[in-house]
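Participant: This is protein37.tsv (TSV, C-alpha atoms).
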```
chain	number	residue	atom	x	y	z
A	1	MET	CA	0.00	0.00	0.00
A	2	ILE	CA	2.89	2.36	0.76
A	3	LYS	CA	4.29	1.66	-2.71
A	4	CYS	CA	0.89	2.16	-4.39
A	5	ILE	CA	0.18	5.40	-2.56
A	6	SER	CA	3.71	6.65	-3.27
A	7	ILE	CA	3.38	5.92	-7.00
A	8	THR	CA	-0.01	7.65	-7.20
A	9	LEU	CA	1.30	10.62	-5.23
A	10	ILE	CA	4.31	11.08	-7.53
A	11	THR	CA	2.38	10.72	-10.79
A	12	SER	CA	-0.50	12.90	-9.61
A	13	PHE	CA	1.93	15.59	-8.43
A	14	LEU	CA	3.56	15.63	-11.88
A	15	THR	CA	0.13	15.87	-13.52
A	16	SER	CA	-0.93	18.66	-11.18
A	17	SER	CA	2.28	20.57	-11.86
A	18	PHE	CA	1.75	20.24	-15.62
A	19	LEU	CA	-1.80	21.60	-15.34
A	20	TRP	CA	-0.76	24.44	-13.03
A	21	ILE	CA	2.14	25.54	-15.26
A	22	ASN	CA	0.06	25.36	-18.46
A	23	SER	CA	-3.14	26.82	-17.02
A	24	ASP	CA	-2.93	29.97	-19.18
A	25	LEU	CA	-2.58	27.91	-22.36
A	26	ILE	CA	-5.42	25.55	-21.39
A	27	ILE	CA	-7.78	28.43	-20.64
A	28	LYS	CA	-6.92	30.23	-23.87
A	29	VAL	CA	-6.97	27.29	-26.30
A	30	PHE	CA	-9.70	25.00	-24.90
A	31	LEU	CA	-11.95	27.36	-22.94
A	32	HIS	CA	-11.55	30.45	-25.15
A	33	SER	CA	-10.60	32.62	-22.15
A	34	LYS	CA	-14.16	32.43	-20.81
A	35	VAL	CA	-13.03	31.63	-17.26
A	36	ASP	CA	-10.06	32.42	-15.04
A	37	LYS	CA	-7.00	30.16	-14.70
A	38	SER	CA	-7.75	29.77	-10.98
A	39	ILE	CA	-10.26	27.07	-11.99
A	40	ILE	CA	-7.44	24.98	-13.50
A	41	HIS	CA	-5.42	25.58	-10.34
A	42	LEU	CA	-8.26	24.16	-8.22
A	43	ILE	CA	-8.49	21.09	-10.46
A	44	SER	CA	-4.73	20.52	-10.17
A	45	LEU	CA	-4.99	20.64	-6.36
A	46	ALA	CA	-7.72	17.97	-6.38
A	47	ILE	CA	-5.78	15.44	-8.48
A	48	PRO	CA	-3.41	14.14	-5.73
A	49	LEU	CA	-6.36	13.71	-3.35
A	50	ILE	CA	-8.35	11.77	-5.94
A	51	SER	CA	-5.33	9.59	-6.79
A	52	MET	CA	-4.50	8.60	-3.22
A	53	SER	CA	-8.17	8.00	-2.41
A	54	SER	CA	-8.38	5.68	-5.42
A	55	ALA	CA	-5.38	3.66	-4.20
A	56	ILE	CA	-6.92	3.20	-0.75
A	57	SER	CA	-10.31	2.37	-2.29
A	58	GLY	CA	-8.58	-0.34	-4.33
A	59	TYR	CA	-7.20	-1.79	-1.10
A	60	PHE	CA	-10.65	-1.99	0.52
A	61	ALA	CA	-12.08	-3.60	-2.62
A	62	GLY	CA	-9.28	-6.17	-2.60
A	63	VAL	CA	-9.78	-7.16	1.05
A	64	ARG	CA	-13.59	-7.39	0.68
A	65	ARG	CA	-14.39	-4.43	2.91
A	66	ILE	CA	-16.17	-2.54	0.17
A	67	TYR	CA	-18.67	-0.99	2.61
A	68	LYS	CA	-15.89	1.34	3.75
A	69	ASN	CA	-15.57	2.64	0.18
A	70	ALA	CA	-19.34	3.02	-0.03
A	71	SER	CA	-19.49	5.05	3.19
A	72	GLY	CA	-16.70	7.30	1.90
A	73	GLN	CA	-18.49	7.88	-1.40
A	74	PHE	CA	-21.74	8.63	0.42
A	75	ILE	CA	-20.02	11.23	2.60
A	76	GLU	CA	-18.23	12.73	-0.41
A	77	HIS	CA	-21.37	13.07	-2.55
A	78	THR	CA	-23.50	14.35	0.33
A	79	PHE	CA	-20.93	17.01	1.19
A	80	LYS	CA	-20.50	17.88	-2.49
A	81	VAL	CA	-24.23	18.47	-2.98
A	82	ILE	CA	-24.50	20.63	0.14
A	83	ILE	CA	-21.38	22.76	-0.39
A	84	SER	CA	-21.90	23.10	-4.17
A	85	ALA	CA	-25.51	24.22	-3.71
A	86	TYR	CA	-24.40	26.80	-1.15
A	87	LEU	CA	-21.54	28.12	-3.31
A	88	ILE	CA	-23.65	28.25	-6.48
A	89	ASN	CA	-26.41	30.22	-4.74
A	90	HIS	CA	-23.80	32.62	-3.40
A	91	PHE	CA	-21.63	33.09	-6.51
A	92	LEU	CA	-23.93	32.48	-9.52
A	93	PRO	CA	-25.26	36.09	-9.66
A	94	LYS	CA	-21.65	37.30	-10.09
A	95	GLY	CA	-21.19	35.59	-13.46
A	96	LEU	CA	-20.01	32.45	-15.29
A	97	ASN	CA	-16.46	32.54	-13.95
A	98	TYR	CA	-17.67	32.59	-10.34
A	99	ALA	CA	-20.21	29.82	-11.03
A	100	CYS	CA	-17.52	27.54	-12.51
A	101	PHE	CA	-15.15	28.41	-9.67
A	102	SER	CA	-17.78	27.52	-7.06
A	103	LEU	CA	-18.51	24.14	-8.72
A	104	ILE	CA	-14.83	23.17	-8.89
A	105	LEU	CA	-14.25	24.45	-5.35
A	106	GLY	CA	-17.14	22.25	-4.18
A	107	ASP	CA	-15.49	19.28	-5.89
A	108	LEU	CA	-12.12	20.08	-4.32
A	109	LEU	CA	-13.53	20.41	-0.80
A	110	SER	CA	-15.57	17.21	-1.11
A	111	GLU	CA	-12.50	15.32	-2.39
A	112	PHE	CA	-10.51	16.64	0.59
A	113	VAL	CA	-13.19	15.50	3.05
A	114	SER	CA	-13.43	12.13	1.29
A	115	PHE	CA	-9.66	11.61	1.38
A	116	ILE	CA	-9.35	12.52	5.07
A	117	TYR	CA	-12.20	10.14	5.92
A	118	ILE	CA	-10.98	7.16	3.90
A	119	TYR	CA	-7.36	7.65	5.06
A	120	ILE	CA	-8.46	7.64	8.72
A	121	VAL	CA	-10.54	4.51	8.04
A	122	PHE	CA	-7.48	2.94	6.38
A	123	LEU	CA	-5.32	3.70	9.44
A	124	PHE	CA	-7.88	2.09	11.74
A	125	ASP	CA	-8.07	-0.88	9.37
A	126	GLU	CA	-4.28	-1.23	9.44
A	127	PHE	CA	-4.28	-0.97	13.24
A	128	LYS	CA	-6.99	-3.62	13.54
A	129	TYR	CA	-5.76	-6.20	11.02
A	130	PHE	CA	-1.97	-5.80	11.12
A	131	LYS	CA	-0.65	-4.26	14.32
A	132	PHE	CA	-1.99	-7.01	16.60
A	133	ASN	CA	-1.84	-9.86	14.11
A	134	LYS	CA	1.07	-11.99	15.35
A	135	ASP	CA	1.00	-14.25	12.32
A	136	CYS	CA	1.41	-11.31	9.99
A	137	SER	CA	4.14	-9.84	12.21
A	138	ASN	CA	6.06	-13.12	12.25
A	139	LEU	CA	5.65	-13.50	8.50
A	140	TYR	CA	6.95	-9.98	8.02
A	141	ASN	CA	9.95	-10.53	10.31
A	142	ASN	CA	10.84	-13.80	8.61
A	143	SER	CA	10.73	-12.24	5.17
A	144	ILE	CA	12.58	-9.03	6.01
A	145	VAL	CA	15.90	-10.62	5.05
A	146	ASN	CA	14.71	-10.81	1.47
A	147	SER	CA	12.92	-7.46	1.66
A	148	SER	CA	15.00	-5.85	-1.10
A	149	ASN	CA	14.18	-8.57	-3.64
A	150	THR	CA	10.54	-8.70	-2.49
A	151	SER	CA	10.25	-4.93	-2.77
A	152	TYR	CA	11.54	-5.04	-6.34
A	153	ILE	CA	9.16	-7.85	-7.33
A	154	ASP	CA	6.17	-6.09	-5.71
A	155	THR	CA	6.97	-2.85	-7.54
A	156	ILE	CA	7.21	-4.70	-10.87
A	157	LYS	CA	3.85	-6.36	-10.22
A	158	ILE	CA	2.24	-3.00	-9.47
A	159	LEU	CA	3.73	-1.34	-12.57
A	160	ARG	CA	2.86	-4.32	-14.80
A	161	ILE	CA	-0.81	-3.64	-14.15
A	162	SER	CA	-0.81	0.11	-13.61
A	163	ILE	CA	1.27	1.29	-16.59
A	164	PRO	CA	-0.84	-0.33	-19.38
A	165	VAL	CA	-4.05	0.74	-17.62
A	166	ALA	CA	-2.70	4.27	-17.12
A	167	ILE	CA	-1.63	4.68	-20.76
A	168	THR	CA	-4.95	3.47	-22.11
A	169	SER	CA	-6.76	5.63	-19.54
A	170	TYR	CA	-4.86	8.72	-20.71
A	171	ILE	CA	-5.73	7.97	-24.33
A	172	ARG	CA	-9.36	7.40	-23.41
A	173	SER	CA	-9.49	10.59	-21.35
A	174	GLY	CA	-8.02	12.61	-24.21
A	175	LEU	CA	-10.48	11.16	-26.73
A	176	THR	CA	-13.39	11.77	-24.33
A	177	THR	CA	-12.37	15.41	-23.94
A	178	LEU	CA	-12.07	15.78	-27.73
A	179	LYS	CA	-15.50	14.19	-28.12
A	180	GLN	CA	-17.10	16.65	-25.69
A	181	LEU	CA	-15.48	19.54	-27.56
A	182	ILE	CA	-16.64	18.59	-31.06
A	183	ILE	CA	-20.24	17.64	-30.21
A	184	PRO	CA	-21.54	21.25	-29.86
A	185	SER	CA	-19.68	22.37	-33.00
A	186	SER	CA	-21.05	19.39	-34.99
A	187	LEU	CA	-24.58	20.22	-33.82
A	188	GLU	CA	-24.05	23.82	-34.87
A	189	LYS	CA	-22.91	22.69	-38.33
A	190	SER	CA	-26.27	20.92	-38.75
A	191	GLY	CA	-27.97	24.32	-39.00
A	192	SER	CA	-28.68	25.02	-35.35
A	193	SER	CA	-27.62	28.30	-33.82
A	194	CYS	CA	-24.80	28.21	-31.27
A	195	LYS	CA	-27.33	28.78	-28.48
A	196	GLU	CA	-29.66	26.02	-29.71
A	197	ALA	CA	-26.79	23.56	-30.23
A	198	LEU	CA	-25.47	24.13	-26.70
A	199	SER	CA	-29.02	23.93	-25.32
A	200	ASN	CA	-29.73	20.53	-26.96
A	201	TYR	CA	-26.32	19.24	-25.90
A	202	GLY	CA	-26.96	20.40	-22.33
A	203	ILE	CA	-30.44	18.84	-22.20
A	204	ILE	CA	-29.20	15.46	-23.42
A	205	ASN	CA	-25.94	15.27	-21.45
A	206	GLY	CA	-26.92	17.31	-18.40
A	207	LEU	CA	-30.56	16.31	-17.90
A	208	ALA	CA	-31.55	13.16	-19.81
A	209	MET	CA	-28.39	11.01	-19.55
A	210	PRO	CA	-28.00	11.44	-15.75
A	211	ILE	CA	-31.50	9.95	-15.35
A	212	ILE	CA	-30.63	7.02	-17.63
A	213	THR	CA	-27.32	6.35	-15.88
A	214	PHE	CA	-28.46	7.04	-12.30
A	215	PRO	CA	-29.25	3.35	-11.55
A	216	ASP	CA	-25.80	2.55	-12.95
A	217	ILE	CA	-24.30	4.09	-9.79
A	218	LEU	CA	-25.71	1.17	-7.81
A	219	VAL	CA	-24.61	-1.28	-10.50
A	220	LYS	CA	-21.05	0.12	-10.41
A	221	SER	CA	-20.92	-0.15	-6.62
A	222	PHE	CA	-22.06	-3.76	-6.85
A	223	SER	CA	-19.68	-4.45	-9.75
A	224	SER	CA	-16.66	-3.21	-7.81
A	225	MET	CA	-17.22	-6.08	-5.38
A	226	LEU	CA	-17.10	-8.56	-8.26
A	227	ILE	CA	-13.53	-7.70	-9.27
A	228	PRO	CA	-11.75	-9.32	-6.27
A	229	GLU	CA	-14.13	-12.30	-6.39
A	230	PHE	CA	-13.41	-13.06	-10.05
A	231	ALA	CA	-9.72	-12.32	-9.46
A	232	ARG	CA	-9.73	-15.17	-6.92
A	233	TYR	CA	-11.47	-17.49	-9.39
A	234	HIS	CA	-8.86	-16.54	-11.99
A	235	ALA	CA	-5.93	-17.07	-9.59
A	236	LYS	CA	-7.25	-20.52	-8.63
A	237	GLY	CA	-8.17	-21.41	-12.22
A	238	ASP	CA	-11.71	-22.14	-11.01
A	239	TYR	CA	-13.49	-21.09	-14.19
A	240	LYS	CA	-16.45	-23.40	-13.51
A	241	LYS	CA	-17.54	-21.25	-10.55
A	242	ALA	CA	-16.75	-18.09	-12.50
A	243	LYS	CA	-19.03	-19.22	-15.34
A	244	LYS	CA	-21.81	-20.16	-12.94
A	245	MET	CA	-21.60	-16.79	-11.17
A	246	THR	CA	-21.55	-14.93	-14.51
A	247	ASN	CA	-24.65	-16.76	-15.75
A	248	ILE	CA	-26.59	-15.86	-12.60
A	249	LEU	CA	-25.45	-12.22	-12.81
A	250	MET	CA	-26.46	-11.88	-16.47
A	251	ILE	CA	-29.94	-13.33	-15.90
A	252	ILE	CA	-30.65	-11.09	-12.90
A	253	LEU	CA	-29.16	-7.95	-14.44
A	254	PHE	CA	-30.91	-8.43	-17.78
A	255	SER	CA	-34.29	-8.75	-16.03
A	256	VAL	CA	-33.71	-5.72	-13.81
A	257	SER	CA	-32.35	-3.53	-16.62
A	258	ILE	CA	-35.29	-4.35	-18.91
A	259	PHE	CA	-37.65	-3.38	-16.07
A	260	ILE	CA	-35.84	-0.06	-15.47
A	261	SER	CA	-35.76	0.73	-19.21
A	262	THR	CA	-39.50	0.12	-19.42
A	263	ILE	CA	-40.19	2.38	-16.43
A	264	LEU	CA	-38.04	5.17	-17.90
A	265	PHE	CA	-39.75	4.86	-21.29
A	266	ILE	CA	-43.32	4.84	-19.98
A	267	PHE	CA	-42.93	7.51	-17.29
A	268	SER	CA	-40.44	9.81	-19.05
A	269	ASP	CA	-42.85	12.79	-18.94
A	270	LYS	CA	-43.61	12.40	-15.25
A	271	ILE	CA	-39.95	11.85	-14.34
A	272	SER	CA	-38.90	14.97	-16.25
A	273	LEU	CA	-41.69	17.07	-14.72
A	274	TRP	CA	-40.96	15.80	-11.19
A	275	LEU	CA	-37.21	16.40	-11.35
A	276	TYR	CA	-36.95	19.49	-13.53
A	277	LYS	CA	-40.42	21.04	-13.34
A	278	ASP	CA	-40.42	20.86	-17.13
A	279	THR	CA	-40.94	18.28	-19.88
A	280	ALA	CA	-38.23	19.58	-22.22
A	281	CYS	CA	-36.01	16.53	-21.76
A	282	SER	CA	-38.78	13.90	-21.55
A	283	ILE	CA	-38.55	13.08	-25.27
A	284	PHE	CA	-34.82	12.46	-24.94
A	285	ILE	CA	-35.37	10.25	-21.87
A	286	LYS	CA	-37.81	8.23	-23.96
A	287	TYR	CA	-35.34	7.97	-26.86
A	288	LEU	CA	-32.49	6.88	-24.59
A	289	ALA	CA	-34.42	4.58	-22.22
A	290	PRO	CA	-33.73	1.34	-24.21
A	291	LEU	CA	-30.02	2.14	-23.93
A	292	ALA	CA	-30.10	1.56	-20.17
A	293	THR	CA	-30.03	-2.23	-20.63
A	294	PHE	CA	-26.75	-2.10	-22.58
A	295	ILE	CA	-25.16	0.37	-20.12
A	296	TYR	CA	-25.93	-1.65	-16.97
A	297	ILE	CA	-24.92	-5.03	-18.39
A	298	ASP	CA	-21.73	-3.60	-19.91
A	299	THR	CA	-20.74	-2.23	-16.47
A	300	VAL	CA	-20.87	-5.72	-14.96
A	301	VAL	CA	-19.16	-7.34	-17.95
A	302	ASP	CA	-16.27	-4.86	-17.65
A	303	SER	CA	-15.89	-5.62	-13.93
A	304	VAL	CA	-15.84	-9.37	-14.56
A	305	LEU	CA	-13.19	-8.89	-17.26
A	306	ARG	CA	-11.05	-6.79	-14.91
A	307	GLY	CA	-11.27	-9.55	-12.33
A	308	LEU	CA	-10.12	-12.03	-14.98
A	309	ASP	CA	-7.00	-9.89	-15.65
A	310	ALA	CA	-8.36	-8.52	-18.94
A	311	GLN	CA	-8.37	-4.87	-17.83
A	312	VAL	CA	-6.14	-3.78	-20.72
A	313	GLY	CA	-8.58	-5.36	-23.17
A	314	VAL	CA	-11.43	-3.42	-21.54
A	315	MET	CA	-9.56	-0.15	-21.96
A	316	VAL	CA	-8.68	-0.93	-25.60
A	317	ILE	CA	-12.36	-1.58	-26.29
A	318	ASN	CA	-13.26	1.75	-24.71
A	319	ILE	CA	-10.69	3.54	-26.87
A	320	LEU	CA	-11.97	1.81	-30.04
A	321	ASP	CA	-15.52	2.74	-29.07
A	322	LEU	CA	-14.50	6.41	-28.66
A	323	ILE	CA	-12.70	6.50	-32.02
A	324	ILE	CA	-15.77	5.12	-33.82
A	325	SER	CA	-18.05	7.49	-31.91
A	326	LEU	CA	-15.81	10.49	-32.68
A	327	THR	CA	-15.75	9.64	-36.39
A	328	PHE	CA	-19.53	9.31	-36.50
A	329	ILE	CA	-20.08	12.58	-34.64
A	330	TYR	CA	-17.66	14.46	-36.89
A	331	LEU	CA	-19.02	13.05	-40.19
A	332	VAL	CA	-22.73	12.35	-39.58
A	333	VAL	CA	-24.01	14.66	-36.82
A	334	PRO	CA	-23.57	17.81	-38.99
A	335	HIS	CA	-26.10	16.27	-41.39
A	336	LEU	CA	-28.59	14.73	-38.93
A	337	GLY	CA	-28.34	17.22	-36.06
A	338	VAL	CA	-29.48	16.26	-32.57
A	339	TYR	CA	-30.91	12.93	-33.75
A	340	GLY	CA	-27.54	12.06	-35.22
A	341	TYR	CA	-26.02	12.69	-31.80
A	342	ILE	CA	-28.55	10.32	-30.19
A	343	ILE	CA	-27.68	7.69	-32.82
A	344	SER	CA	-23.98	8.18	-31.97
A	345	ILE	CA	-24.71	7.47	-28.29
A	346	TYR	CA	-26.49	4.23	-29.27
A	347	LEU	CA	-23.69	3.30	-31.65
A	348	SER	CA	-21.07	3.89	-28.96
A	349	GLU	CA	-22.79	1.89	-26.22
A	350	ILE	CA	-23.87	-1.02	-28.43
A	351	ILE	CA	-20.44	-1.45	-30.03
A	352	ASN	CA	-18.82	-1.33	-26.59
A	353	PHE	CA	-21.30	-3.90	-25.27
A	354	ILE	CA	-20.92	-6.33	-28.19
A	355	ILE	CA	-17.10	-6.31	-28.19
A	356	SER	CA	-16.92	-6.53	-24.38
A	357	PHE	CA	-19.34	-9.46	-24.34
A	358	TYR	CA	-17.32	-11.19	-27.05
A	359	LEU	CA	-14.15	-10.69	-24.99
A	360	LEU	CA	-15.93	-12.14	-21.93
A	361	ILE	CA	-16.94	-15.25	-23.90
A	362	LYS	CA	-13.42	-15.62	-25.27
A	363	THR	CA	-11.78	-15.05	-21.87
A	364	LEU	CA	-14.12	-17.14	-19.72
A	365	TYR	CA	-16.35	-19.48	-21.69
A	366	LEU	CA	-13.74	-20.70	-24.17
A	367	LYS	CA	-11.37	-21.69	-21.35
A	368	LYS	CA	-10.76	-25.41	-21.20
```
What do you get writing this file as structure tokens?

Facilitator:
Amino acid sequence: MIKCISITLITSFLTSSFLWINSDLIIKVFLHSKVDKSIIHLISLAIPLISMSSAISGYFAGVRRIYKNASGQFIEHTFKVIISAYLINHFLPKGLNYACFSLILGDLLSEFVSFIYIYIVFLFDEFKYFKFNKDCSNLYNNSIVNSSNTSYIDTIKILRISIPVAITSYIRSGLTTLKQLIIPSSLEKSGSSCKEALSNYGIINGLAMPIITFPDILVKSFSSMLIPEFARYHAKGDYKKAKKMTNILMIILFSVSIFISTILFIFSDKISLWLYKDTACSIFIKYLAPLATFIYIDTVVDSVLRGLDAQVGVMVINILDLIISLTFIYLVVPHLGVYGYIISIYLSEIINFIISFYLLIKTLYLKK
């Protein structure tokens, strides 16, 4: 854990420094000087906190104490909602720059609270499971002679997993950012005014999609518990149990996701009116409701694959999905407008689902 936290701290500090130093360029080129560079500075401060929290969360997932992660996330999101609402109400009348600053500040403060909480929980966990565990102490003392060699091997094991995942994550993050940047311009090229293009983009991404993906938060929390379980099956070579567990998961998740999709489709008007006091996004909720099934199942499939040591394959699929989606948005959305964008969302999710499911079959079901 010391090695993992150290690696995340070093890499996140380098990333933060890069953002801080190039904040003027980022604001000018990507945000057209609409906001102040202090916003980039706040983001750079949050990165080390997020990185170290992720390392500790990975520890709790690995030792099957996932409820400690869940409590940390609950505290983080609760604090974020409260502090962001307060800051927005206070700063929004002062303009866009202050509104953006208040949102990022709310994120930074909630990440700080989350990190402090989960680090304290980690210290108590270490105290409980290691300090008074004589077997662990004896094992540690007996192996300290070979500590240098063990340290080297452990570091190699960490980097063997983290470097490929990191590289593919950086590529995916860059493509995702590019995708978010070209969507409004592609919508504008379809004949919409800049205001209308940004409005439709905001309604779909900011209002409709969060409703579609909201149940996926629960699915992701559940899926994170699957990774260590399937990792154990993979380590033992017990693919019979892994297949049995996967079959049960797919049947349950397919039934639940179909039910949720149906509810979203039928009650889209009422959901939109209840949440937003308006029905402007109800048509988009209805259009996107069938997509929920693919999103939820794909979340579980990805977690199973990560447990089976196919995390690099998952990231490659995500990158391929983004490239196809980017190409479609750039070439087709200018001709079809907002409906072309909806088609691109379907295309992205379905392609991701099909390839991921194929990889699952190849990785798990074709094992001898």

Participant: Rank nothing, just name the residue among A:Ile167, A:Ala242, A:Ile50, A:Ile204 nearest to Val113 (chain A), using all atoms listed in the file.

Facilitator: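 Checking each of A:Ile167, A:Ala242, A:Ile50, A:Ile204 against Val113 (chain A), counting all atoms listed in the file, the winner is A:Ile50.
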
Participant: Under the rule that only C-alpha atoms are counted, which of A:Thr176, A:Ser224, A:Ser12, A:Thr279 is the nearest residue to Gly62 (chain A)?

Facilitator: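 For Gly62 (chain A), the nearest of the candidates is A:Ser224.
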
Participant: How many Å separate CA of Leu360 (chain A) from CA of Val301 (chain A)?

Facilitator: 7.0 Å

Participant: A:Ser192, A:Ile266, A:Ile350, A:Lys34: which is nearest His335 (chain A), counting all atoms listed in the file?

Facilitator: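 Among the listed residues, A:Ser192 lies closest to His335 (chain A).
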
Participant: Need to verify the contact set: region 337-340 of chain A, 8 Å, all atoms listed in the file, exclusion of same-chain residues closer than 2 positions in sequence. Can you return it as an MDAnalysis selection string?

Facilitator: chainID A and resid 186:188 190:192 200:201 329 332:335 342:344

Participant: Figure out the distance between CA of Pro290 (chain A) and CA of Gly307 (chain A), please, to one decimal in Å.

Facilitator: 27.6 Å

Participant: Determine, counting all atoms listed in the file, which protein, DNA and RNA residues have an atom within 12 Å of an atom of Ile158 (chain A); residues of the same chain fewer than 2 positions away are not included. Present the result as a PyMOL selection string.

Facilitator: chain A and resi 1-8+55+151-156+160-166

Participant: Which one of A:Ser110, A:Ser255, A:Ser54, A:Ser193 sits closest to Lys80 (chain A) if you count only C-alpha atoms?

Facilitator: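 Under the stated criterion, the closest residue is A:Ser110.
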